[in-house]
Amino acid sequence: MDDLSRFKQTYFDESAELMAVAEAGLLRLSPGDVDMDEVNAIFRAVHSIKGGAGAFGFSELVAFSHEFETVMDELRNGAIPVTTDLIDTLIRANDLLGQLLGYAGDETDPPPGLTDDTVAALRHALSANRNSPPQPVAESTAPPASATPDDEDDEAGIFGDALAAINAARADDDPSGTGSGSATADRVRWTIRFRPKNDLLLSGNEPAYMLRALRRLGEVNIHCHLDDLPALADLDAELLHLSWTITLTADASVGRDRIDDVFEFVADDCDLQISADAPLPAVVEPTAPAASAAAPPPARSEPAAVPAPPATQTTTPPATTAPAAAAQATTGKGDGAKTDGPTKPRGGNGGGDHGGLTTHTIRVDLDKIDRLVNMVGEMVITQAMIAEHLRDLPPGQFQELQEGLEQLAQHTRELRESVMSIRAQPVSSVFSRMPRLVRECAALTGKEVLLATSGENTEVDKTVVENLVDPLTHMIRNSIDHGLEGPEERERIGKPRAGTVHLSAQHRSGRIVIEVTDDGRGINRAKVLSKAIEKGLVQPGASLTDEEIDHLIFLPGFSTADQVSNLSGRGVGMDVVRRNISALGGRIGVYSTPGEGSRFVLSLPLTLAVLDGMVISVGEERFVLPLTNIVESLRPKPVDLHGLVNKCDVMMARGEYVRLVYLHRLFGIPKAVDDATRGLVVLVETEDGSRLGLVVDEVLGQQQVVIKSLESNFRRLDGVAAATILGDGRVALILDVAGLREMSRHTGDSDRARPAPTPALAGPSPSPRQRQTV
Amino acid sequence: MSMSSSMALATVGGSRSDALSLNGTEDQYVSFTVGTEEYGVNILAVREIRGWTPESRLPNLPDYVRGVINLRGIIIPIFDLRARFGGGKTEVTKRHVVVVIQVGERTRGILVDAISDILAIGPDAIKPPPDVDSGLIDAEYLSGLYTAENRMVTLLNVDKLFANEHGDHQDPADTRAIAGSAATS
């Protein structure tokens, strides 16, 4: 339901645009000079509105836009000429379309007769100007209608339209319709008049199937009417020009509903009259629900609203409600009809305000937003540049400039956030794809799975959302395939039969954190470790912490599934997940308790455009460290530093030993401070909670930086997340802390140490096992 | 960005269109010198020519990857042509020139000593590179040789020249391998 209303909103938004297109097109139309592209555009716009209206069941809208569309269609076929009158009519029709959309949007019924004048005008335009004369009758709507009181229930609807009249006329002419024979005792004879709209075939329906289906219900006698068939030269092979009268003799057990079922899918695209012959007269009138577009509710509300001023062309003494409407429809320019409506009156007939269809959203080309984002980015850089120059000024002076600049910084930040929020989207667009995935996985694995989601409305940048689909798909598959036990096993160990996978999203300290939690068996550490040793990913005998073992599943080529299943087990899954996530500047961590389940935690930046960073210098180079990674920076005393088996340095910081990574050694930067006691140590923390001491020369200051891709013109580099442009126009690399940690593990932190193959090299203590209680 | 416009020596857009109208069969090449050698690249690949601006180094890459610069808000890598052909890293001065080249979606800069000429070269005038030991010169970087007033101009195939440094044809495993070898060398 919620979903549907969301789509509805989209439909209204789109319709508003389409109407604007149509109106602009209409205003450009001029007699004699017809731009076919323009006409086509209008036709398409109206057609789209009609299509959507059909999908949502806005029947008035469908009916009216169909009229509109018909005229546009004739126009583009060149069947009727463009006249000033016609353009006026069409513009009015367009306005009316807007009003109807407004009513549909408010979920109120339009006042009865609202569209009558315009419909009449449209039809008039159609019939008055047409050269080929398929229905000269159309012009004189009233008389045929009066002639056939027995056909009232069909098309009369709220439009009382001419088509109904035509139908009626046809019905009148058609002797087969006046059911002659009486039915035998237990057989009922039905007369079905099936008159499809001529675009029925375009929607993929095939009348022959329906006729065949009818034949299965009983004995049929089908009469096909060819009267509408145009001359061969005018024949459009894609349109249907036939109609049928079918006499069906069926068992009494074949109810009216069975027949209705046959036509169920074309109900909106045809004129259908079904009547039973003599024995069951009761069925005939009230149940014939006129498969036409007009919805029943407004039709019924009419008698009250319409004091029936069928002024001129008095038609029939209205036995039922519908003819009243029909009559009213034909009252020419009876403008008063509108104000008679039971619902709040909408602006004037020709009101150009699109009749209250209000939109609260605008659609903007993504390029425009990107330009805006870029511009804000440049502004952030410029602002940083000014700030840098200001630092060179003598302190104490230019107090006001200083203050002004701070204010500017504040505004820039707000501007940035507003711009970013334009691109923000709730993650629900990704989450909503997951239930289906879960169903499929559950079916494939024979497990019972419940998916719970929370925080769907958490917003994150569009690009992040788009890039979340693949990793999440992998992770959920993984959880179901590897994590959850089968229903029997779960019952045996006292868990509910159905396993639960919980998908949640939340904002935390400027990042979005997405968790995939399952209540399955957790990671089998012994198995993971032996598998890793078997695959040569870990050296035999290495002692790994639980956490380190858990993280082995992210290594390339790792898989514990004994059998390669359809879902996973090829050893590409989690490795790819991690790569995708880190390409987004995100991190993934896993927390697992044997027997109770696993939790995968994804942490991603809210935007891929800007980040808060600390500018540091190493040698002559400057780098940016994401602020979210930084715990603190400090200058260690010599007593805090220790060598660890001559391979790497560790530092005592706040009661914990932290491994030191010399950035200049890692990156091979000359002329840098090699002594941690003379430089600075920036304590950084990766998303999985492990800490690292990054040795740098200097910390230059905090700054918002615009993330620029290194990959678009070059390629990804280890330990580098992206690049940015600093205030002086120079490029600085944005460091990827987890990447640095990986690098330092593998290269042994310094040029002297030989690359070590095992992650276990880090030794017993350097990565403190912190389970963040997230 | 601030400094780039002032530093740009010339844009070749104007000469490009002139060149095309001159003769349909001839291609225009921008030639430049590195030491005593002269090289040429197809003018259609050249986006602009700009003066040297200090680069930001990239870690753990071969020395012919000078680093990256900011080209009006986008970040492009700069390759040192001299270093690429084994002549050692260029000692840059203000007079050195970066030829900004567009290959497909990617923009990159090539550091050279100086721009020398714009040559109109018909396809017949291009001689194939001599048969040299592929260990000595990788012939696929060269699209041919041209003689201009007794000078030999080596025409470069810019697509191939730095392709392996663009991640164009490699997966991340290779990337790691390259980075690793650079680190240990």
# chains A, B, ... in the order shown; residues from 1 in each chain; ligands from 1
call {"tool": "interface_residues", "arguments": {"of": "chain B", "to": "chain A", "cutoff": "6 Å", "atoms": "only C-alpha atoms", "output": "PDB file with C-alpha atoms, in the first residue's frame"}}
result
ATOM      1  CA  SER B  56      52.367  15.542  -6.179  1.00  0.00           C
ATOM      2  CA  PRO B  59      53.829   6.229  -3.746  1.00  0.00           C
ATOM      3  CA  ASN B  60      55.495   3.053  -4.868  1.00  0.00           C
ATOM      4  CA  ILE B  69      48.684  17.433 -11.016  1.00  0.00           C
ATOM      5  CA  ASN B  70      45.497  19.375 -10.820  1.00  0.00           C
ATOM      6  CA  ILE B  76      45.740  13.708 -14.064  1.00  0.00           C
ATOM      7  CA  ARG B 106      41.383   9.253 -19.755  1.00  0.00           C
ATOM      8  CA  THR B 107      43.473  12.364 -19.623  1.00  0.00           C
ATOM      9  CA  HIS B 166      46.199   3.009 -16.287  1.00  0.00           C
ATOM     10  CA  GLY B 167      44.629  -0.116 -15.101  1.00  0.00           C
TER      11      GLY B 167
END
call {"tool": "atom_distance", "arguments": {"atom1": "atom CA of A:Leu97", "atom2": "atom CA of A:Phe64"}}
result
7.5 Å
call {"tool": "atom_distance", "arguments": {"atom1": "atom CA of A:Ser429", "atom2": "atom CA of A:Ile512"}}
result
15.1 Å
